[in-house]
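Novice: Let me begin by handing over the structure; questions about it come next.
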Amino acid sequence: MAETVFQKIIRKEIPADIVYEDGDILAFKDIHPIAPVHILIIPKKPIESIATMDDADALVVGKIFLVARNIARDLKISEKGYKLLIRVGKDGGQEVAHLHLHLLGGARLSENIHPV
Ligand code: AMP
C-alpha cells in the first residue's frame, strides 16, 4: 500500500489539528471542512479501506466509532445529531487510501448523494 498523507500526520511529519489520540486511533480536523464540525477519525494502522480491511481489524474499526461518539459528546453535538461517513473506493469518492471516518455536524446537513 502506498504511503498517504495521513501516515505523515500520524508520524507528526506534517501538521494537523489533532483533537484525540491514543495508541490505536488519531482524530484531527479536516483541512477542508464541509460542516461546522468536520473531524476525521483514523486507525493508526494503515488500513486502506473498508473493502480491504481484515476481519482482525474489526476491533480497531469499531473503536473509531466509539471515538467519534465521544468527540461528538465533548463538542455537545450529540443531542442534535451528526453524520458519520466512510467513503469506499473510487465510486464512493474516497480520495485518501487510508480508512477514515468523517464526523460531520454542528448544523442540519443535506443528503446530496447522487450519481455524478
Ligand atoms: P475522502 O474523500 O473520504 O477520502 O476524504 C479525504 C478527506 O481528507 C477530505 O475531506 C480532505 O479534505 C481531507 N484531507 C486531506 N489532506 C488533509 C490534511 N493534510 N489534513 C486534514 N485533512 C485532510
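Convention: chains lettered A, B, ... in C-alpha cells order; per-chain residue numbering from 1; ligands numbered from 1 as shown.
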If you run DSSP on this backbone, which residues of chain A come out as helix (DSSP H, G or I), and could you give them as a PyMOL selection string?
Specialist: chain A and resi 5-10+55-74+89-92
Novice: Kindly save the residues from that selection, with N, CA and C atoms included, as a tab-separated table (two decimals), in the first residue's frame.
Specialist:
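This went into selection-v9.tsv:
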```
chain	number	residue	atom	x	y	z
A	5	VAL	N	-0.91	10.79	3.00
A	5	VAL	CA	-0.70	11.97	3.82
A	5	VAL	C	-1.09	11.68	5.28
A	6	PHE	N	-2.04	10.78	5.49
A	6	PHE	CA	-2.47	10.51	6.86
A	6	PHE	C	-1.36	9.81	7.66
A	7	GLN	N	-0.57	9.00	7.00
A	7	GLN	CA	0.56	8.38	7.73
A	7	GLN	C	1.59	9.42	8.14
A	8	LYS	N	1.75	10.43	7.31
A	8	LYS	CA	2.65	11.53	7.69
A	8	LYS	C	2.08	12.31	8.87
A	9	ILE	N	0.76	12.46	8.91
A	9	ILE	CA	0.12	13.13	10.06
A	9	ILE	C	0.29	12.29	11.32
A	10	ILE	N	0.13	10.98	11.20
A	10	ILE	CA	0.31	10.09	12.36
A	10	ILE	C	1.72	10.22	12.92
A	55	ASP	N	-10.63	-9.20	8.76
A	55	ASP	CA	-11.57	-9.46	9.86
A	55	ASP	C	-10.96	-9.04	11.20
A	56	ALA	N	-9.65	-9.22	11.33
A	56	ALA	CA	-8.97	-8.89	12.59
A	56	ALA	C	-8.93	-7.38	12.86
A	57	ASP	N	-9.28	-6.57	11.86
A	57	ASP	CA	-9.30	-5.12	12.06
A	57	ASP	C	-10.63	-4.65	12.66
A	58	ALA	N	-11.55	-5.58	12.87
A	58	ALA	CA	-12.90	-5.18	13.33
A	58	ALA	C	-12.85	-4.40	14.64
A	59	LEU	N	-11.95	-4.78	15.53
A	59	LEU	CA	-11.88	-4.11	16.84
A	59	LEU	C	-11.49	-2.65	16.68
A	60	VAL	N	-10.44	-2.40	15.91
A	60	VAL	CA	-9.98	-1.01	15.76
A	60	VAL	C	-10.98	-0.20	14.94
A	61	VAL	N	-11.62	-0.83	13.98
A	61	VAL	CA	-12.63	-0.11	13.20
A	61	VAL	C	-13.84	0.22	14.08
A	62	GLY	N	-14.20	-0.71	14.95
A	62	GLY	CA	-15.25	-0.41	15.92
A	62	GLY	C	-14.86	0.74	16.83
A	63	LYS	N	-13.60	0.76	17.19
A	63	LYS	CA	-13.13	1.80	18.11
A	63	LYS	C	-13.21	3.20	17.50
A	64	ILE	N	-13.03	3.31	16.18
A	64	ILE	CA	-13.12	4.65	15.59
A	64	ILE	C	-14.54	5.22	15.76
A	65	PHE	N	-15.54	4.33	15.78
A	65	PHE	CA	-16.91	4.81	16.02
A	65	PHE	C	-17.10	5.27	17.47
A	66	LEU	N	-16.48	4.54	18.39
A	66	LEU	CA	-16.58	4.97	19.80
A	66	LEU	C	-15.90	6.32	20.00
A	67	VAL	N	-14.75	6.51	19.34
A	67	VAL	CA	-14.05	7.79	19.45
A	67	VAL	C	-14.92	8.90	18.85
A	68	ALA	N	-15.57	8.63	17.71
A	68	ALA	CA	-16.47	9.63	17.11
A	68	ALA	C	-17.59	9.98	18.08
A	69	ARG	N	-18.17	8.97	18.71
A	69	ARG	CA	-19.25	9.22	19.68
A	69	ARG	C	-18.75	10.11	20.81
A	70	ASN	N	-17.55	9.81	21.32
A	70	ASN	CA	-17.02	10.58	22.45
A	70	ASN	C	-16.70	12.02	22.05
A	71	ILE	N	-16.14	12.21	20.85
A	71	ILE	CA	-15.83	13.57	20.39
A	71	ILE	C	-17.14	14.35	20.22
A	72	ALA	N	-18.14	13.69	19.64
A	72	ALA	CA	-19.44	14.36	19.45
A	72	ALA	C	-20.02	14.78	20.80
A	73	ARG	N	-19.88	13.92	21.80
A	73	ARG	CA	-20.36	14.28	23.15
A	73	ARG	C	-19.58	15.48	23.67
A	74	ASP	N	-18.25	15.42	23.54
A	74	ASP	CA	-17.40	16.52	24.04
A	74	ASP	C	-17.76	17.85	23.37
A	89	GLY	N	-13.46	3.51	-1.89
A	89	GLY	CA	-13.06	3.36	-3.28
A	89	GLY	C	-13.51	4.49	-4.19
A	90	LYS	N	-13.27	4.27	-5.47
A	90	LYS	CA	-13.46	5.34	-6.46
A	90	LYS	C	-14.92	5.81	-6.56
A	91	ASP	N	-15.86	4.86	-6.72
A	91	ASP	CA	-17.26	5.28	-6.83
A	91	ASP	C	-17.77	5.89	-5.53
A	92	GLY	N	-17.18	5.50	-4.42
A	92	GLY	CA	-17.56	6.08	-3.14
A	92	GLY	C	-16.96	7.45	-2.90
```
Novice: For the structure I just gave you, how does DSSP split region 47-88 of chain A - specifically, which residues are strand (DSSP E or B)? Reply as a ChimeraX atom specification.
Specialist: /A:82-85
Novice: Give the residues close to ligand 1, within 10 Å, counting only C-alpha atoms and all ligand atoms; write them as a tab-separated table (two decimals) with C-alpha atoms, in the first residue's frame.
Specialist:
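Result written to selection31.tsv:
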```tsv
chain	number	residue	atom	x	y	z
A	4	THR	CA	-0.61	8.51	2.31
A	5	VAL	CA	-0.70	11.97	3.82
A	6	PHE	CA	-2.47	10.51	6.86
A	7	GLN	CA	0.56	8.38	7.73
A	8	LYS	CA	2.65	11.53	7.69
A	9	ILE	CA	0.12	13.13	10.06
A	14	ILE	CA	3.09	17.30	8.71
A	15	PRO	CA	0.88	19.38	11.00
A	16	ALA	CA	-2.74	18.64	11.79
A	17	ASP	CA	-5.22	19.99	14.30
A	18	ILE	CA	-5.37	16.87	16.46
A	27	ALA	CA	-8.61	12.22	15.20
A	28	PHE	CA	-7.96	15.58	13.58
A	29	LYS	CA	-9.85	18.41	11.91
A	30	ASP	CA	-10.45	18.06	8.18
A	31	ILE	CA	-8.36	20.60	6.28
A	32	HIS	CA	-11.33	21.45	4.00
A	33	PRO	CA	-14.34	21.31	6.32
A	34	ILE	CA	-17.77	20.88	4.75
A	38	HIS	CA	-15.68	18.12	10.44
A	39	ILE	CA	-13.26	15.71	12.06
A	40	LEU	CA	-11.54	12.68	10.60
A	49	SER	CA	-10.44	0.94	3.19
A	85	LEU	CA	-19.43	8.97	6.71
A	86	ILE	CA	-16.95	6.48	5.29
A	87	ARG	CA	-16.18	6.63	1.59
A	88	VAL	CA	-15.01	3.41	-0.04
A	89	GLY	CA	-13.06	3.36	-3.28
A	90	LYS	CA	-13.46	5.34	-6.46
A	92	GLY	CA	-17.56	6.08	-3.14
A	93	GLY	CA	-15.40	9.16	-3.67
A	94	GLN	CA	-12.56	8.04	-1.40
A	95	GLU	CA	-9.57	10.29	-2.02
A	96	VAL	CA	-7.14	9.18	0.67
A	97	ALA	CA	-6.33	5.45	0.70
A	98	HIS	CA	-6.24	5.23	4.49
A	99	LEU	CA	-9.54	4.32	6.14
A	100	HIS	CA	-11.15	7.36	7.75
A	101	LEU	CA	-14.45	8.13	9.40
A	102	HIS	CA	-15.83	11.63	8.82
```
Novice: Please identify all polymer residues within 9 Å of Lys83 (chain A), counting only C-alpha atoms, omitting same-chain residues fewer than 6 positions from it, and present them as a PyMOL selection string.
Specialist: chain A and resi 102-105+109
Novice: Considering only C-alpha atoms, state which residue in the set A:Asp54, A:Val19, A:Gly81, A:Asn112 is at the smallest distance from Ile42 (chain A).
Specialist: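 Looking only at the distances to Ile42 (chain A), the closest residue turns out to be A:Val19.
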Novice: CA of Ala107 (chain A) and CA of Lys80 (chain A), how far apart in Å?
Specialist: 8.6 Å
Novice: Grab the CA of Ile25 (chain A) to CA of Ile47 (chain A) distance for me, in Å with one decimal place.
Specialist: 11.9 Å
Novice: How many Å separate CA of Ile50 (chain A) from CA of Arg11 (chain A)?
Specialist: 22.4 Å
